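J.: Take this structure first; my questions come after.
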Amino acid sequence: MKNLEINRIRDPKVAYRILCEFDNVYEPPLHLRIVDLALYAKKLVSKGYVYVILKDAKPQGFVTFYSNDSVSKTGYLFQLAIKPDCLVKGAGYNLLKLFEKVSCENGMEKLKLEVYDSNVHAINFYKKNGYKVVEKASDKSSYMMKRIK
């Protein structure tokens with residue numbers, strides 16, 4: 001697709017700007033769930049992965065995850081967000097597949113994420129891509145999992 005890029009973010013300041021830009025895409029917003037977004041961004045880029053999908057140099061979506069748990073061999077998806085007016089068809093799918101690919105390359109055998117039970121759109125998206133609800137994470141959310149090996 002013309003003028004489309006997916007880039008890994010390694011600079012905590014850039015990751016912080018992305019988190020802030022997508023803050024209100026979430027319900028509830030990220031800043032209400034994460035006390036210090038700047039510190040969180042630093043942790044994500046130093047211990048995990050942050051990728052952004054751009055169209056004409058404008059962020060359309062991003063994904064954050066860890067795929068370094070050598071004990072349980074589980075990759076953990078933390079955020080996957082797409083702007084409501086996204087210009088890139090399949091942006092969420094491409095970012096999810098990137099999470100799966102990197103996790104597989106890092107030796108992960110399972111993929112896990114937490115989703116709010118009220119987020120029916122996300123639950124259906126993950127189910128369509130092979131994830132299954134495995135247990136409650138809290139009174140408002142559930143864990144979903146997929147085996148990749």
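Identifiers for the structure tokens are assigned positionally: chains receive A, B, ... in sequence, residues are indexed from 1 per chain, and ligands are indexed from 1 in the order shown.
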Extract, using only C-alpha atoms, all DNA, RNA and protein residues at most 10 Å from Ser70 in chain A, discarding same-chain residues fewer than 4 positions from it, and format them as an MDAnalysis selection string.
T.: chainID A and resid 74:75 106:109
J.: Can you spit out the residues from that selection as a PDB file, in the first residue's frame, using N, CA, C and O atoms?
T.:
```pdb
ATOM      1  N   THR A  74       5.203 -17.510  26.772  1.00  0.00           N
ATOM      2  CA  THR A  74       3.972 -16.807  26.445  1.00  0.00           C
ATOM      3  C   THR A  74       4.279 -15.371  26.058  1.00  0.00           C
ATOM      4  O   THR A  74       4.958 -14.660  26.790  1.00  0.00           O
ATOM      5  N   GLY A  75       3.770 -14.955  24.890  1.00  0.00           N
ATOM      6  CA  GLY A  75       3.836 -13.557  24.478  1.00  0.00           C
ATOM      7  C   GLY A  75       2.597 -12.844  24.990  1.00  0.00           C
ATOM      8  O   GLY A  75       1.501 -13.398  24.976  1.00  0.00           O
ATOM      9  N   ASN A 106      10.664 -15.359  18.661  1.00  0.00           N
ATOM     10  CA  ASN A 106      11.307 -15.330  19.972  1.00  0.00           C
ATOM     11  C   ASN A 106      11.055 -16.598  20.788  1.00  0.00           C
ATOM     12  O   ASN A 106      11.363 -16.650  21.973  1.00  0.00           O
ATOM     13  N   GLY A 107      10.472 -17.613  20.154  1.00  0.00           N
ATOM     14  CA  GLY A 107      10.293 -18.901  20.818  1.00  0.00           C
ATOM     15  C   GLY A 107       9.049 -19.031  21.676  1.00  0.00           C
ATOM     16  O   GLY A 107       8.909 -20.002  22.422  1.00  0.00           O
ATOM     17  N   MET A 108       8.119 -18.085  21.566  1.00  0.00           N
ATOM     18  CA  MET A 108       6.891 -18.174  22.344  1.00  0.00           C
ATOM     19  C   MET A 108       5.998 -19.257  21.741  1.00  0.00           C
ATOM     20  O   MET A 108       6.013 -19.487  20.531  1.00  0.00           O
ATOM     21  N   GLU A 109       5.249 -19.929  22.598  1.00  0.00           N
ATOM     22  CA  GLU A 109       4.343 -20.992  22.160  1.00  0.00           C
ATOM     23  C   GLU A 109       2.878 -20.618  22.324  1.00  0.00           C
ATOM     24  O   GLU A 109       2.008 -21.216  21.711  1.00  0.00           O
TER      25      GLU A 109
END
```
J.: Can you list every residue of range 58-132 of chain A that has an atom at most 12 Å from range 20-24 of chain A, with its nearest atom pair and the distance in Å to one decimal, using only C-alpha atoms, ordered by chain then number, as a tab-separated table?
T.:
```
residue	atom	partner	partner_atom	distance
A:Lys58	CA	A:Glu21	CA	10.9
A:Pro59	CA	A:Glu21	CA	8.7
A:Gln60	CA	A:Phe22	CA	9.3
A:Gly61	CA	A:Phe22	CA	8.0
A:Phe62	CA	A:Phe22	CA	8.5
A:Val63	CA	A:Phe22	CA	10.9
A:Gln79	CA	A:Phe22	CA	10.3
A:Leu80	CA	A:Phe22	CA	10.1
A:Ala81	CA	A:Phe22	CA	7.2
A:Ile82	CA	A:Phe22	CA	8.1
A:Lys83	CA	A:Phe22	CA	7.3
A:Pro84	CA	A:Phe22	CA	10.3
A:Cys86	CA	A:Phe22	CA	11.9
```
J.: What's the 9 Å shell around range 126-128 of chain A, counting only C-alpha atoms, without same-chain residues fewer than 4 positions away, as a ChimeraX atom specification?
T.: /A:96,121-122,132-133,144
J.: Please identify the strand (DSSP E) residues within range 76-140 of chain A (assignment by DSSP from backbone atoms) and present them as a ChimeraX atom specification.
T.: /A:76-82,110-116,132-136
J.: Residues at most 12 Å from Lys101 in chain A, counting only C-alpha atoms, excluding those fewer than 2 positions away in the same chain, as a list of chain:residue names?
T.: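 Listed by chain and then number, they are A:Phe65, A:Ser67, A:Gly75, A:Asn94, A:Leu95, A:Leu96, A:Lys97, A:Leu98, A:Phe99, A:Ser103, A:Cys104, A:Glu105, A:Asn106, A:Gly107, A:Met108, A:Glu109, A:Lys110, A:Leu111, A:Ile148, A:Lys149.
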J.: Please, could you write that set of residues out with all heavy atoms as a compact mmCIF listing (two decimals), in the first residue's frame?
T.:
```txt
# COMPACT_ATOMS: atom_id res chain seq x y z
N PHE A 65 3.72 -5.02 23.10
CA PHE A 65 3.70 -6.40 23.61
C PHE A 65 5.06 -6.79 24.15
O PHE A 65 6.07 -6.15 23.89
CB PHE A 65 3.26 -7.38 22.52
CG PHE A 65 4.12 -7.40 21.28
CD1 PHE A 65 5.21 -8.26 21.18
CD2 PHE A 65 3.85 -6.57 20.21
CE1 PHE A 65 6.00 -8.30 20.04
CE2 PHE A 65 4.62 -6.60 19.06
CZ PHE A 65 5.70 -7.46 18.97
N SER A 67 7.45 -10.38 24.39
CA SER A 67 7.59 -11.78 23.94
C SER A 67 8.95 -12.29 24.39
O SER A 67 9.77 -12.72 23.60
CB SER A 67 7.41 -11.90 22.43
OG SER A 67 8.42 -11.22 21.74
N GLY A 75 3.77 -14.96 24.89
CA GLY A 75 3.84 -13.56 24.48
C GLY A 75 2.60 -12.84 24.99
O GLY A 75 1.50 -13.40 24.98
N ASN A 94 -2.90 -6.43 10.61
CA ASN A 94 -1.45 -6.40 10.35
C ASN A 94 -0.64 -6.26 11.63
O ASN A 94 0.39 -6.92 11.79
CB ASN A 94 -1.11 -5.26 9.38
CG ASN A 94 -1.53 -5.57 7.97
OD1 ASN A 94 -1.48 -6.70 7.53
ND2 ASN A 94 -1.98 -4.55 7.26
N LEU A 95 -1.11 -5.46 12.56
CA LEU A 95 -0.39 -5.30 13.83
C LEU A 95 -0.49 -6.56 14.68
O LEU A 95 0.47 -6.96 15.33
CB LEU A 95 -0.90 -4.07 14.58
CG LEU A 95 -0.56 -2.73 13.94
CD1 LEU A 95 -1.28 -1.59 14.65
CD2 LEU A 95 0.94 -2.49 13.91
N LEU A 96 -1.66 -7.21 14.69
CA LEU A 96 -1.81 -8.47 15.43
C LEU A 96 -0.90 -9.54 14.85
O LEU A 96 -0.23 -10.27 15.60
CB LEU A 96 -3.28 -8.93 15.39
CG LEU A 96 -3.58 -10.19 16.19
CD1 LEU A 96 -3.37 -9.97 17.69
CD2 LEU A 96 -5.01 -10.66 15.92
N LYS A 97 -0.84 -9.64 13.54
CA LYS A 97 0.03 -10.64 12.91
C LYS A 97 1.51 -10.34 13.18
O LYS A 97 2.32 -11.27 13.31
CB LYS A 97 -0.24 -10.73 11.40
CG LYS A 97 -1.59 -11.31 11.09
CD LYS A 97 -1.75 -12.70 11.70
CE LYS A 97 -3.16 -13.19 11.72
NZ LYS A 97 -3.33 -14.41 12.50
N LEU A 98 1.86 -9.08 13.29
CA LEU A 98 3.24 -8.72 13.65
C LEU A 98 3.57 -9.20 15.06
O LEU A 98 4.64 -9.78 15.30
CB LEU A 98 3.43 -7.21 13.53
CG LEU A 98 4.82 -6.69 13.86
CD1 LEU A 98 5.87 -7.23 12.90
CD2 LEU A 98 4.81 -5.17 13.84
N PHE A 99 2.65 -9.00 16.01
CA PHE A 99 2.82 -9.52 17.37
C PHE A 99 3.03 -11.03 17.34
O PHE A 99 3.94 -11.56 17.99
CB PHE A 99 1.58 -9.15 18.21
CG PHE A 99 1.36 -9.99 19.44
CD1 PHE A 99 2.31 -10.04 20.45
CD2 PHE A 99 0.18 -10.70 19.60
CE1 PHE A 99 2.09 -10.81 21.59
CE2 PHE A 99 -0.05 -11.45 20.74
CZ PHE A 99 0.91 -11.51 21.74
N SER A 103 6.62 -12.86 18.26
CA SER A 103 6.55 -13.79 19.39
C SER A 103 7.01 -15.18 18.98
O SER A 103 7.76 -15.84 19.72
CB SER A 103 5.13 -13.83 19.96
OG SER A 103 4.80 -12.58 20.52
N CYS A 104 6.58 -15.64 17.82
CA CYS A 104 7.00 -16.95 17.32
C CYS A 104 8.52 -16.97 17.10
O CYS A 104 9.19 -17.92 17.50
CB CYS A 104 6.26 -17.26 16.03
SG CYS A 104 6.57 -18.92 15.40
N GLU A 105 9.05 -15.93 16.49
CA GLU A 105 10.51 -15.83 16.27
C GLU A 105 11.29 -15.84 17.57
O GLU A 105 12.43 -16.29 17.61
CB GLU A 105 10.83 -14.55 15.48
CG GLU A 105 10.39 -14.61 14.04
CD GLU A 105 10.49 -13.27 13.32
OE1 GLU A 105 10.78 -12.23 13.96
OE2 GLU A 105 10.28 -13.26 12.09
N ASN A 106 10.66 -15.36 18.66
CA ASN A 106 11.31 -15.33 19.97
C ASN A 106 11.05 -16.60 20.79
O ASN A 106 11.36 -16.65 21.97
CB ASN A 106 10.86 -14.10 20.77
CG ASN A 106 11.45 -12.82 20.22
OD1 ASN A 106 12.50 -12.83 19.58
ND2 ASN A 106 10.80 -11.71 20.48
N GLY A 107 10.47 -17.61 20.15
CA GLY A 107 10.29 -18.90 20.82
C GLY A 107 9.05 -19.03 21.68
O GLY A 107 8.91 -20.00 22.42
N MET A 108 8.12 -18.08 21.57
CA MET A 108 6.89 -18.17 22.34
C MET A 108 6.00 -19.26 21.74
O MET A 108 6.01 -19.49 20.53
CB MET A 108 6.15 -16.83 22.36
CG MET A 108 6.96 -15.66 22.93
SD MET A 108 7.47 -15.85 24.65
CE MET A 108 9.21 -16.20 24.45
N GLU A 109 5.25 -19.93 22.60
CA GLU A 109 4.34 -20.99 22.16
C GLU A 109 2.88 -20.62 22.32
O GLU A 109 2.01 -21.22 21.71
CB GLU A 109 4.64 -22.28 22.92
CG GLU A 109 6.04 -22.79 22.66
CD GLU A 109 6.42 -24.01 23.48
OE1 GLU A 109 5.60 -24.46 24.32
OE2 GLU A 109 7.54 -24.50 23.29
N LYS A 110 2.63 -19.64 23.20
CA LYS A 110 1.26 -19.17 23.45
C LYS A 110 1.26 -17.66 23.40
O LYS A 110 2.28 -17.01 23.67
CB LYS A 110 0.79 -19.60 24.85
CG LYS A 110 0.72 -21.10 25.06
CD LYS A 110 0.33 -21.43 26.49
CE LYS A 110 1.53 -21.20 27.38
NZ LYS A 110 1.38 -21.65 28.75
N LEU A 111 0.09 -17.11 23.09
CA LEU A 111 -0.11 -15.67 23.09
C LEU A 111 -1.28 -15.37 24.00
O LEU A 111 -2.29 -16.09 23.99
CB LEU A 111 -0.41 -15.18 21.67
CG LEU A 111 0.65 -15.53 20.65
CD1 LEU A 111 0.17 -15.19 19.25
CD2 LEU A 111 1.96 -14.82 20.96
N ILE A 148 0.53 -20.98 19.35
CA ILE A 148 1.14 -20.76 18.04
C ILE A 148 2.14 -21.84 17.68
O ILE A 148 2.65 -21.86 16.58
CB ILE A 148 1.80 -19.36 17.93
CG1 ILE A 148 2.80 -19.12 19.03
CG2 ILE A 148 0.73 -18.30 17.88
CD1 ILE A 148 3.58 -17.81 18.88
N LYS A 149 2.47 -22.73 18.61
CA LYS A 149 3.38 -23.85 18.31
C LYS A 149 2.82 -25.10 18.90
O LYS A 149 2.15 -25.13 19.85
CB LYS A 149 4.77 -23.58 18.90
CG LYS A 149 5.53 -22.55 18.13
CD LYS A 149 6.95 -22.49 18.61
CE LYS A 149 7.74 -21.51 17.79
NZ LYS A 149 9.12 -21.47 18.13
```
J.: If we count only C-alpha atoms and set the cut-off at 6 Å, which residues sit around range 134-141 of chain A, ignoring sequence neighbours fewer than 4 positions away in its own chain? Please answer as a PyMOL selection string.
T.: chain A and resi 115-117
J.: Using DSSP on the backbone coordinates, identify the residues of chain A assigned to helix (DSSP H, G or I); present them as a compact mmCIF listing (two decimals) with N, CA, C and O atoms, in the first residue's frame.
T.:
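To be explicit, this is the file written out as result_16.txt:
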```txt
# COMPACT_ATOMS: atom_id res chain seq x y z
N PRO A 12 11.75 6.13 24.02
CA PRO A 12 10.65 6.26 24.99
C PRO A 12 9.82 7.53 24.80
O PRO A 12 8.62 7.51 25.04
N LYS A 13 10.45 8.61 24.35
CA LYS A 13 9.70 9.86 24.15
C LYS A 13 8.71 9.73 23.00
O LYS A 13 7.59 10.23 23.07
N VAL A 14 9.11 9.04 21.95
CA VAL A 14 8.21 8.81 20.82
C VAL A 14 7.09 7.86 21.25
O VAL A 14 5.92 8.09 20.92
N ALA A 15 7.43 6.82 21.99
CA ALA A 15 6.41 5.89 22.49
C ALA A 15 5.41 6.61 23.39
O ALA A 15 4.20 6.38 23.29
N TYR A 16 5.90 7.51 24.22
CA TYR A 16 5.03 8.30 25.09
C TYR A 16 4.06 9.15 24.26
O TYR A 16 2.87 9.20 24.55
N ARG A 17 4.57 9.79 23.20
CA ARG A 17 3.71 10.61 22.34
C ARG A 17 2.63 9.75 21.67
O ARG A 17 1.48 10.18 21.55
N ILE A 18 3.00 8.54 21.27
CA ILE A 18 2.02 7.63 20.66
C ILE A 18 0.95 7.26 21.68
O ILE A 18 -0.25 7.30 21.39
N LEU A 19 1.37 6.90 22.90
CA LEU A 19 0.40 6.55 23.95
C LEU A 19 -0.56 7.71 24.21
O LEU A 19 -1.76 7.51 24.35
N CYS A 20 -0.02 8.93 24.27
CA CYS A 20 -0.86 10.11 24.50
C CYS A 20 -1.82 10.35 23.33
O CYS A 20 -2.98 10.69 23.53
N GLU A 21 -1.32 10.18 22.11
CA GLU A 21 -2.14 10.42 20.93
C GLU A 21 -3.32 9.45 20.86
O GLU A 21 -4.40 9.80 20.38
N ASP A 23 -4.62 7.90 23.60
CA ASP A 23 -5.20 7.80 24.94
C ASP A 23 -6.71 7.64 24.92
O ASP A 23 -7.26 6.74 25.55
N ASN A 24 -7.40 8.47 24.17
CA ASN A 24 -8.86 8.46 24.19
C ASN A 24 -9.49 7.48 23.22
O ASN A 24 -10.71 7.41 23.11
N VAL A 25 -8.67 6.68 22.51
CA VAL A 25 -9.22 5.61 21.68
C VAL A 25 -9.73 4.50 22.60
O VAL A 25 -10.64 3.76 22.25
N LEU A 30 -6.32 5.44 28.54
CA LEU A 30 -5.10 4.89 29.13
C LEU A 30 -4.68 5.63 30.39
O LEU A 30 -4.26 5.02 31.36
N HIS A 31 -4.75 6.96 30.37
CA HIS A 31 -4.26 7.73 31.52
C HIS A 31 -5.03 7.45 32.81
O HIS A 31 -4.54 7.73 33.90
N LEU A 32 -6.22 6.89 32.69
CA LEU A 32 -6.97 6.51 33.88
C LEU A 32 -6.58 5.13 34.40
O LEU A 32 -6.90 4.78 35.53
N ARG A 33 -5.89 4.35 33.57
CA ARG A 33 -5.49 3.00 33.95
C ARG A 33 -4.01 2.88 34.25
O ARG A 33 -3.58 1.98 34.95
N LEU A 37 2.33 7.48 32.26
CA LEU A 37 2.48 7.03 30.88
C LEU A 37 3.92 7.14 30.38
O LEU A 37 4.36 6.30 29.60
N ALA A 38 4.66 8.15 30.84
CA ALA A 38 6.06 8.31 30.41
C ALA A 38 6.91 7.15 30.91
O ALA A 38 7.71 6.58 30.17
N LEU A 39 6.75 6.78 32.17
CA LEU A 39 7.48 5.65 32.73
C LEU A 39 7.06 4.34 32.06
O LEU A 39 7.90 3.49 31.75
N TYR A 40 5.78 4.20 31.78
CA TYR A 40 5.26 3.01 31.10
C TYR A 40 5.86 2.90 29.70
O TYR A 40 6.28 1.83 29.28
N ALA A 41 5.94 4.02 28.98
CA ALA A 41 6.53 4.03 27.63
C ALA A 41 7.99 3.60 27.69
O ALA A 41 8.45 2.81 26.85
N LYS A 42 8.71 4.07 28.68
CA LYS A 42 10.12 3.70 28.84
C LYS A 42 10.25 2.19 29.07
O LYS A 42 11.11 1.53 28.48
N LYS A 43 9.39 1.64 29.91
CA LYS A 43 9.40 0.20 30.19
C LYS A 43 9.08 -0.61 28.93
O LYS A 43 9.73 -1.61 28.64
N LEU A 44 8.08 -0.15 28.17
CA LEU A 44 7.69 -0.86 26.95
C LEU A 44 8.83 -0.95 25.94
O LEU A 44 9.09 -2.01 25.39
N VAL A 45 9.51 0.16 25.70
CA VAL A 45 10.58 0.13 24.69
C VAL A 45 11.83 -0.57 25.19
O VAL A 45 12.59 -1.12 24.38
N SER A 46 12.05 -0.58 26.51
CA SER A 46 13.27 -1.23 27.01
C SER A 46 13.10 -2.74 27.20
O SER A 46 14.05 -3.50 27.06
N LYS A 47 11.89 -3.20 27.50
CA LYS A 47 11.68 -4.62 27.77
C LYS A 47 10.76 -5.31 26.77
O LYS A 47 10.64 -6.52 26.77
N ALA A 91 -5.41 -2.56 9.29
CA ALA A 91 -4.33 -2.11 10.18
C ALA A 91 -4.26 -2.97 11.44
O ALA A 91 -3.18 -3.40 11.84
N GLY A 92 -5.39 -3.21 12.08
CA GLY A 92 -5.41 -4.02 13.29
C GLY A 92 -4.92 -5.43 13.03
O GLY A 92 -4.13 -5.99 13.79
N TYR A 93 -5.38 -6.02 11.94
CA TYR A 93 -4.96 -7.37 11.56
C TYR A 93 -3.44 -7.41 11.34
O TYR A 93 -2.77 -8.31 11.83
N ASN A 94 -2.90 -6.43 10.61
CA ASN A 94 -1.45 -6.40 10.35
C ASN A 94 -0.64 -6.26 11.63
O ASN A 94 0.39 -6.92 11.79
N LEU A 95 -1.11 -5.46 12.56
CA LEU A 95 -0.39 -5.30 13.83
C LEU A 95 -0.49 -6.56 14.68
O LEU A 95 0.47 -6.96 15.33
N LEU A 96 -1.66 -7.21 14.69
CA LEU A 96 -1.81 -8.47 15.43
C LEU A 96 -0.90 -9.54 14.85
O LEU A 96 -0.23 -10.27 15.60
N LYS A 97 -0.84 -9.64 13.54
CA LYS A 97 0.03 -10.64 12.91
C LYS A 97 1.51 -10.34 13.18
O LYS A 97 2.32 -11.27 13.31
N LEU A 98 1.86 -9.08 13.29
CA LEU A 98 3.24 -8.72 13.65
C LEU A 98 3.57 -9.20 15.06
O LEU A 98 4.64 -9.78 15.30
N PHE A 99 2.65 -9.00 16.01
CA PHE A 99 2.82 -9.52 17.37
C PHE A 99 3.03 -11.03 17.34
O PHE A 99 3.94 -11.56 17.99
N GLU A 100 2.22 -11.74 16.57
CA GLU A 100 2.33 -13.19 16.49
C GLU A 100 3.65 -13.62 15.86
O GLU A 100 4.31 -14.54 16.35
N LYS A 101 4.06 -12.95 14.81
CA LYS A 101 5.31 -13.29 14.11
C LYS A 101 6.53 -13.07 15.01
O LYS A 101 7.38 -13.95 15.14
N VAL A 102 6.62 -11.91 15.64
CA VAL A 102 7.76 -11.61 16.51
C VAL A 102 7.78 -12.57 17.69
O VAL A 102 8.84 -13.08 18.07
N SER A 103 6.62 -12.86 18.26
CA SER A 103 6.55 -13.79 19.39
C SER A 103 7.01 -15.18 18.98
O SER A 103 7.76 -15.84 19.72
N CYS A 104 6.58 -15.64 17.82
CA CYS A 104 7.00 -16.95 17.32
C CYS A 104 8.52 -16.97 17.10
O CYS A 104 9.19 -17.92 17.50
N GLU A 105 9.05 -15.93 16.49
CA GLU A 105 10.51 -15.83 16.27
C GLU A 105 11.29 -15.84 17.57
O GLU A 105 12.43 -16.29 17.61
N VAL A 120 -16.98 -5.76 22.84
CA VAL A 120 -17.44 -6.86 21.98
C VAL A 120 -16.71 -6.85 20.64
O VAL A 120 -16.37 -7.90 20.11
N HIS A 121 -16.48 -5.67 20.10
CA HIS A 121 -15.77 -5.56 18.81
C HIS A 121 -14.39 -6.22 18.90
O HIS A 121 -14.01 -7.02 18.04
N ALA A 122 -13.64 -5.91 19.95
CA ALA A 122 -12.30 -6.48 20.12
C ALA A 122 -12.38 -7.99 20.35
O ALA A 122 -11.60 -8.75 19.77
N ILE A 123 -13.30 -8.43 21.19
CA ILE A 123 -13.44 -9.86 21.46
C ILE A 123 -13.72 -10.62 20.16
O ILE A 123 -13.09 -11.65 19.89
N ASN A 124 -14.62 -10.11 19.35
CA ASN A 124 -14.93 -10.75 18.07
C ASN A 124 -13.73 -10.74 17.13
O ASN A 124 -13.47 -11.72 16.43
N PHE A 125 -12.98 -9.65 17.11
CA PHE A 125 -11.77 -9.55 16.29
C PHE A 125 -10.76 -10.62 16.69
O PHE A 125 -10.23 -11.34 15.85
N TYR A 126 -10.51 -10.74 17.99
CA TYR A 126 -9.54 -11.74 18.46
C TYR A 126 -10.04 -13.17 18.20
O TYR A 126 -9.26 -14.03 17.78
N LYS A 127 -11.32 -13.42 18.43
CA LYS A 127 -11.88 -14.75 18.15
C LYS A 127 -11.71 -15.10 16.67
O LYS A 127 -11.34 -16.22 16.33
N LYS A 128 -11.98 -14.14 15.81
CA LYS A 128 -11.85 -14.35 14.37
C LYS A 128 -10.40 -14.72 14.00
O LYS A 128 -10.16 -15.41 13.02
```
J.: Suppose you want the space between CA of Thr64 in chain A and CA of Lys89 in chain A; what is it in Å?
T.: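 Spanning CA of Thr64 in chain A to CA of Lys89 in chain A is a straight-line distance of 19.6 Å.
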J.: Could you check which of A:Gly90, A:Gly130, A:Pro29, A:Gly48 is closest to Arg147 in chain A, using only C-alpha atoms?
T.: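 Nearest candidate to Arg147 in chain A out of A:Gly90, A:Gly130, A:Pro29, A:Gly48: A:Gly130.
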J.: Applying 6 Å and only C-alpha atoms, which residues near Leu113 in chain A remain after dropping the ones on its own chain fewer than 6 positions away? List them as a compact mmCIF listing (two decimals) with C-alpha atoms, in the first residue's frame.
T.:
```
# COMPACT_ATOMS: atom_id res chain seq x y z
CA TYR A 76 1.67 -10.87 26.08
CA LEU A 77 -0.22 -8.31 24.03
CA TYR A 143 -7.97 -13.30 29.29
CA MET A 144 -7.85 -14.64 25.77
```
